[in-house]
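Heads up, target-v3.cif below (mmCIF, C-alpha atoms):
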```
data_model
loop_
_atom_site.label_atom_id
_atom_site.label_comp_id
_atom_site.auth_asym_id
_atom_site.auth_seq_id
_atom_site.Cartn_x
_atom_site.Cartn_y
_atom_site.Cartn_z
CA MET G 1 -19.24 -1.28 -15.33
CA SER G 2 -18.95 -0.16 -11.73
CA SER G 3 -15.80 1.18 -10.14
CA ARG G 4 -15.95 -1.82 -7.80
CA SER G 5 -15.21 -4.06 -10.79
CA ALA G 6 -12.23 -1.86 -11.69
CA ASP G 7 -11.03 -2.09 -8.08
CA THR G 8 -11.25 -5.88 -8.22
CA VAL G 9 -9.33 -6.08 -11.50
CA TYR G 10 -6.71 -3.62 -10.25
CA ALA G 11 -6.16 -5.51 -6.98
CA ALA G 12 -5.84 -8.81 -8.85
CA LEU G 13 -3.31 -7.40 -11.31
CA VAL G 14 -1.27 -5.84 -8.51
CA GLU G 15 -1.11 -9.18 -6.70
CA ARG G 16 0.01 -10.93 -9.90
CA ILE G 17 2.75 -8.36 -10.43
CA VAL G 18 3.99 -8.48 -6.84
CA SER G 19 3.91 -12.28 -6.72
CA GLY G 20 5.75 -12.57 -10.02
CA ALA G 21 2.88 -14.21 -11.93
CA LEU G 22 3.13 -11.22 -14.27
CA ARG G 23 6.78 -10.60 -14.99
CA PRO G 24 8.64 -7.38 -15.88
CA GLY G 25 8.23 -6.55 -19.55
CA GLU G 26 5.13 -8.72 -19.95
CA ALA G 27 2.44 -7.03 -22.05
CA LEU G 28 -0.96 -6.24 -20.58
CA TYR G 29 -3.38 -6.68 -23.46
CA GLU G 30 -6.80 -5.17 -22.92
CA LEU G 31 -8.80 -7.80 -24.82
CA GLU G 32 -7.01 -10.71 -23.11
CA LEU G 33 -7.81 -9.20 -19.73
CA VAL G 34 -11.45 -8.70 -20.72
CA ASP G 35 -11.67 -12.43 -21.42
CA SER G 36 -9.71 -13.36 -18.31
CA PHE G 37 -11.83 -11.33 -15.87
CA GLY G 38 -15.14 -11.62 -17.69
CA VAL G 39 -15.87 -7.90 -17.53
CA SER G 40 -16.29 -5.12 -20.08
CA ARG G 41 -13.43 -3.00 -21.40
CA THR G 42 -14.27 -0.02 -19.17
CA PRO G 43 -13.07 -1.47 -15.81
CA ILE G 44 -10.07 -3.03 -17.57
CA ARG G 45 -9.05 0.34 -18.97
CA GLU G 46 -9.52 2.00 -15.59
CA ALA G 47 -7.44 -0.66 -13.83
CA LEU G 48 -4.66 -0.39 -16.43
CA LEU G 49 -4.62 3.40 -16.07
CA ARG G 50 -4.22 3.04 -12.31
CA LEU G 51 -1.37 0.57 -12.80
CA GLU G 52 0.38 3.11 -15.00
CA GLN G 53 -0.26 5.96 -12.56
CA SER G 54 1.13 3.93 -9.65
CA GLY G 55 4.29 3.07 -11.58
CA LEU G 56 3.61 -0.66 -11.83
CA ALA G 57 3.19 -0.54 -15.60
CA GLU G 58 4.63 1.62 -18.36
CA ARG G 59 4.37 2.15 -22.10
CA GLY G 60 6.58 -0.18 -24.08
CA PRO G 61 7.10 -0.73 -27.82
CA ARG G 62 4.23 0.49 -29.97
CA ARG G 63 2.72 2.15 -26.88
CA ALA G 64 1.67 -1.21 -25.47
CA LEU G 65 1.32 -1.24 -21.69
CA VAL G 66 3.82 -3.62 -20.03
CA VAL G 67 4.71 -4.57 -16.47
CA ARG G 68 7.39 -2.17 -15.34
CA ARG G 69 10.86 -3.49 -14.62
CA LEU G 70 11.45 -2.21 -11.10
CA ASP G 71 14.81 -0.99 -9.92
CA ALA G 72 15.60 -1.98 -6.32
CA GLY G 73 17.21 1.39 -5.69
CA ASP G 74 14.09 3.25 -6.80
CA ILE G 75 11.89 1.16 -4.50
CA ALA G 76 14.26 1.70 -1.57
CA GLU G 77 14.18 5.47 -2.08
CA LEU G 78 10.38 5.47 -2.30
CA PHE G 79 9.98 3.55 0.95
CA GLU G 80 12.60 5.71 2.65
CA ALA G 81 10.58 8.79 1.67
CA VAL G 82 7.34 7.23 2.90
CA GLY G 83 9.00 6.28 6.18
CA GLU G 84 10.23 9.80 6.83
CA VAL G 85 7.00 11.56 5.87
CA GLU G 86 4.64 9.14 7.58
CA SER G 87 6.74 8.94 10.74
CA THR G 88 6.62 12.75 11.00
CA ILE G 89 2.85 12.65 10.54
CA ALA G 90 2.54 9.95 13.23
CA ALA G 91 4.48 12.14 15.67
CA MET G 92 2.14 15.04 14.93
CA ALA G 93 -0.91 12.79 15.26
CA ALA G 94 0.25 11.75 18.74
CA LEU G 95 0.00 15.39 19.80
CA ARG G 96 -2.91 16.59 17.66
CA MET G 97 -5.47 13.80 17.43
CA THR G 98 -8.74 14.40 19.23
CA GLU G 99 -9.89 11.81 21.75
CA PHE G 100 -12.51 10.63 19.27
CA GLU G 101 -9.83 10.15 16.59
CA ARG G 102 -7.63 8.23 19.03
CA GLN G 103 -10.43 5.85 19.97
CA LYS G 104 -11.32 5.33 16.32
CA LEU G 105 -7.69 4.43 15.58
CA LEU G 106 -7.71 1.93 18.43
CA ALA G 107 -10.96 0.41 17.14
CA VAL G 108 -9.49 -0.07 13.66
CA ALA G 109 -6.36 -1.66 15.14
CA ASP G 110 -8.59 -4.04 17.13
CA GLU G 111 -10.59 -4.81 13.99
CA GLY G 112 -7.39 -5.92 12.28
CA GLU G 113 -6.72 -8.57 14.92
CA SER G 114 -9.17 -11.03 13.36
CA ALA G 115 -9.04 -9.91 9.72
CA SER G 116 -7.26 -11.85 7.00
CA GLY G 117 -6.46 -11.56 3.30
CA ASP G 118 -8.03 -8.69 1.42
CA ALA G 119 -9.95 -7.61 4.52
CA TYR G 120 -6.73 -6.92 6.38
CA GLY G 121 -5.34 -4.95 3.45
CA GLU G 122 -8.39 -2.68 3.57
CA ILE G 123 -8.05 -2.24 7.33
CA ASN G 124 -4.38 -1.39 6.89
CA VAL G 125 -5.30 1.43 4.49
CA ARG G 126 -7.87 2.78 6.95
CA PHE G 127 -5.41 2.62 9.85
CA HIS G 128 -2.81 4.63 7.99
CA GLY G 129 -5.47 7.03 6.69
CA LEU G 130 -6.62 7.84 10.22
CA ILE G 131 -3.07 8.69 11.24
CA ARG G 132 -2.58 10.83 8.12
CA ASP G 133 -5.76 12.77 8.90
CA GLY G 134 -4.91 12.91 12.61
CA GLY G 135 -1.69 14.80 11.90
CA HIS G 136 -3.85 17.76 10.83
CA ASN G 137 -1.35 19.02 8.27
CA ALA G 138 -2.76 19.24 4.75
CA VAL G 139 0.61 19.74 3.06
CA LEU G 140 2.19 16.64 4.59
CA ALA G 141 -1.01 14.67 3.97
CA ALA G 142 -0.93 15.58 0.26
CA THR G 143 2.75 14.64 0.06
CA LEU G 144 2.00 11.26 1.63
CA ASP G 145 -0.94 10.69 -0.73
CA ASP G 146 1.39 11.17 -3.69
CA LEU G 147 3.90 8.69 -2.28
CA ASN G 148 1.14 6.24 -1.42
CA LEU G 149 -0.02 6.20 -5.02
CA ARG G 150 3.29 4.53 -5.86
CA THR G 151 3.77 2.35 -2.78
CA LEU G 152 0.37 1.31 -1.44
CA PRO G 153 -0.17 -1.35 -4.14
CA TRP G 154 2.98 -3.11 -2.91
CA ARG G 155 2.15 -2.58 0.75
CA ALA G 156 -1.35 -4.01 0.26
CA ALA G 157 -0.34 -7.00 -1.86
CA GLN G 158 2.31 -8.15 0.62
CA PHE G 159 -0.43 -9.46 2.94
CA SER G 160 -1.67 -12.02 0.42
CA VAL G 161 1.69 -12.80 -1.16
CA HIS G 162 3.56 -13.11 2.15
CA GLU G 163 1.06 -14.35 4.73
CA PRO G 164 3.32 -14.05 7.86
CA ARG G 165 3.48 -10.31 7.24
CA ARG G 166 -0.08 -9.90 8.56
CA ALA G 167 0.96 -11.03 12.03
CA THR G 168 3.96 -8.70 12.26
CA SER G 169 1.90 -5.84 10.82
CA ARG G 170 -0.73 -6.33 13.53
CA GLU G 171 1.94 -6.11 16.22
CA GLU G 172 3.35 -2.95 14.67
CA HIS G 173 -0.10 -1.37 14.43
CA ARG G 174 -0.67 -2.07 18.12
CA GLU G 175 2.63 -0.41 18.99
CA ILE G 176 1.88 2.64 16.83
CA ALA G 177 -1.64 2.99 18.27
CA ALA G 178 -0.32 2.67 21.84
CA THR G 179 2.25 5.43 21.39
CA ILE G 180 -0.35 7.74 19.84
CA LEU G 181 -2.81 7.04 22.65
CA GLU G 182 -0.05 7.87 25.14
CA ARG G 183 0.68 11.11 23.24
CA ASP G 184 4.27 9.91 22.82
CA ALA G 185 5.39 11.78 19.69
CA ASP G 186 8.93 10.38 19.63
CA GLY G 187 7.67 6.85 20.20
CA ALA G 188 5.08 7.19 17.43
CA ARG G 189 7.72 8.49 15.04
CA GLU G 190 10.06 5.57 15.65
CA ALA G 191 7.28 2.96 15.66
CA MET G 192 6.00 4.17 12.30
CA ARG G 193 9.50 4.31 10.82
CA ARG G 194 10.08 0.68 11.87
CA HIS G 195 6.70 -0.31 10.45
CA ILE G 196 7.46 1.09 7.00
CA ALA G 197 10.94 -0.46 7.11
CA SER G 198 9.36 -3.85 7.82
CA SER G 199 7.11 -3.45 4.79
CA PHE G 200 10.13 -2.70 2.63
CA PHE G 201 12.09 -5.69 3.95
CA THR G 202 9.11 -7.98 3.25
CA LEU G 203 8.84 -6.60 -0.27
CA SER G 204 12.57 -7.14 -0.77
CA GLU G 205 12.13 -10.81 0.20
CA ILE G 206 9.23 -11.19 -2.23
CA LEU G 207 11.09 -9.59 -5.12
CA GLY G 208 14.19 -11.61 -4.33
CA ALA G 209 12.40 -14.95 -4.28
CA PRO G 210 14.12 -17.44 -6.66
CA ASP G 211 10.86 -18.45 -8.37
CA ARG G 212 10.06 -14.94 -9.58
#
```
Now, as a test, write the supplied structure out as C-alpha cells.
Amino acid sequence: MSSRSADTVYAALVERIVSGALRPGEALYELELVDSFGVSRTPIREALLRLEQSGLAERGPRRALVVRRLDAGDIAELFEAVGEVESTIAAMAALRMTEFERQKLLAVADEGESASGDAYGEINVRFHGLIRDGGHNAVLAATLDDLNLRTLPWRAAQFSVHEPRRATSREEHREIAATILERDADGAREAMRRHIASSFFTLSEILGAPDR
C-alpha cells in the first residue's frame, strides 16, 4: 500500500489522540485498525511506528502499542525547546534568506489565507520548513527536525480539533513573514516565540477540555 495511505491513517490517528477520541492507555490493535480504515496491514504498521517514534504511543503490557499518557510538564518543556530553537532560526532567516526565499515565504503565507482543515495544516508545515531552511544552519535545522518529530503531530492536529486556531495562526504567520521581509531579526525572533507559545496554549486548552 502506498505511503499516502500510511499518511492518511497516521493523520487520522493523531487527530483522534489529540481530540481525546483515543484516550491514554487505550490499545491500538493492528487488525482492528485494518478493518476500521479498510487498508492492508502495511500502512497500518507504518502509521503505528510513526506514532511510537513521535511519542504519541508506547509499548504497554505484552508489548501492545497503547496511546501514551502525556505529562503536561513534558509537553511544556518540548514546546519551550521548540520555541527557543525555532525563534533563533527565524532571526537568522531574517538576515540570511535570499530574496527568492523571502518571496516564496510570503506566497505560502498568502496561500494560507484561504486554506482550511487539512490543507492549512500542510501549508503550516511548509511555512515553517521554509524558515528552517532559510536560516541556513544545518545543525540548528537538524535539532529542530528532531523536536518537530515529537511536536508537529500536535501542532498540525490543533487546526482541525480547535478551529479558531487557524485564524490566529494566519495572523501570526503574517507577522513572522513581515519581520523576515523587513530583515528584522529581533522582531522575527519574538514573533516566532509568540507563535509557538500560542500553539502550546491552544494544546493546553484541548488537553484540559472536560470531555476528554
>> I'd like to see the residues matched by the PyMOL selection byres ((chain G and resi 71-87) around 9) on this file, and ideally I'd get them as JSON, numbers by chain.
In response: {"G": [69, 70, 88, 89, 90, 91, 92, 128, 131, 132, 140, 141, 143, 144, 147, 148, 150, 151, 188, 189, 190, 191, 192, 193, 194, 195, 196, 197, 199, 200, 204, 207]}
> What is the CA of Ala138 (chain G)-CA of Asp118 (chain G) distance in Å, reported with one decimal?
Replying inline: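 Taking CA of Ala138 (chain G) as the start and CA of Asp118 (chain G) as the end point, the length is 28.6 Å.
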> What separation in Å, quoted to one decimal, exists between CA of Arg102 (chain G) and CA of Phe201 (chain G)?
Replying inline: 28.5 Å
> For the atom pair CA of Val125 (chain G) and CA of Arg45 (chain G), what is the interatomic distance in Å to one decimal place?
Replying inline: 23.8 Å
>> Using all atoms listed in the file, can you tell me which of G:Arg50, G:Arg63, G:Arg96, G:Arg68 comes closest to Gly25 (chain G)?
In response: G:Arg68
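Residues with any atom within 10 Å of region 21-24 of chain G, counting only C-alpha atoms and excluding same-chain neighbours fewer than 4 positions away, are Leu13, Val14, Glu15, Arg16, Ile17, Leu28, Leu56, Ala57, Val66, Val67, Arg68, Arg69, Leu70, Asp211 and Arg212 of chain G.
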Requested write-out: C-alpha atoms of the selected residues, as a compact mmCIF listing (two decimals), in the coordinates of the input:
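Done, and the output landed in out-v6.txt:
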```txt
# COMPACT_ATOMS: atom_id res chain seq x y z
CA LEU G 13 -3.31 -7.40 -11.31
CA VAL G 14 -1.27 -5.84 -8.51
CA GLU G 15 -1.11 -9.18 -6.70
CA ARG G 16 0.01 -10.93 -9.90
CA ILE G 17 2.75 -8.36 -10.43
CA LEU G 28 -0.96 -6.24 -20.58
CA LEU G 56 3.61 -0.66 -11.83
CA ALA G 57 3.19 -0.54 -15.60
CA VAL G 66 3.82 -3.62 -20.03
CA VAL G 67 4.71 -4.57 -16.47
CA ARG G 68 7.39 -2.17 -15.34
CA ARG G 69 10.86 -3.49 -14.62
CA LEU G 70 11.45 -2.21 -11.10
CA ASP G 211 10.86 -18.45 -8.37
CA ARG G 212 10.06 -14.94 -9.58
```
> Taking the file as shown, what set of residues would the PyMOL selection byres ((chain G and resi 171) around 12) give back, as a list in words?
Replying inline: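 What the PyMOL selection byres ((chain G and resi 171) around 12) grabs from the file is Ala109, Asp110, Gly112, Glu113, Pro164, Arg165, Arg166, Ala167, Thr168, Ser169, Arg170, Glu172, His173, Arg174, Glu175, Ile176, Ala177, Ala178, Ala191, Met192, Arg194, His195 and Ser198 of chain G.
Counting all atoms listed in the file and comparing G:Leu106, G:Gln158, G:Asp146, G:Asp184, the residue that lies closest to Gly55 (chain G) is G:Asp146.
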Given 5 Å on each side, where is the centre and what are the edge lengths in Å to one decimal of the axis-aligned box enclosing the listed atoms of region 110-120 of chain G, as lines of an AutoDock Vina configuration file?
```
center_x = -8.5
center_y = -7.9
center_z = 9.3
size_x = 14.1
size_y = 17.8
size_z = 25.7
```
Find the spatial neighbours of Ser40 (chain G), counting only C-alpha atoms, within a cut-off of 10 Å - ignore same-chain residues fewer than 3 positions away - and output them as a short mmCIF file (atom, residue, chain, number, x, y, z; two decimals) with C-alpha atoms, keeping the file's coordinate frame.
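Full text of part-v3.cif as output:
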```cif
data_model
loop_
_atom_site.label_atom_id
_atom_site.label_comp_id
_atom_site.auth_asym_id
_atom_site.auth_seq_id
_atom_site.Cartn_x
_atom_site.Cartn_y
_atom_site.Cartn_z
CA MET G 1 -19.24 -1.28 -15.33
CA SER G 5 -15.21 -4.06 -10.79
CA ALA G 6 -12.23 -1.86 -11.69
CA GLU G 30 -6.80 -5.17 -22.92
CA LEU G 31 -8.80 -7.80 -24.82
CA LEU G 33 -7.81 -9.20 -19.73
CA VAL G 34 -11.45 -8.70 -20.72
CA ASP G 35 -11.67 -12.43 -21.42
CA PHE G 37 -11.83 -11.33 -15.87
CA PRO G 43 -13.07 -1.47 -15.81
CA ILE G 44 -10.07 -3.03 -17.57
CA ARG G 45 -9.05 0.34 -18.97
#
```
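Each of G:Leu51, G:Glu32, G:Arg59, G:Phe159 was checked against Ala115 (chain G) using all atoms listed in the file; the smallest atom-to-atom distance is that of G:Phe159.
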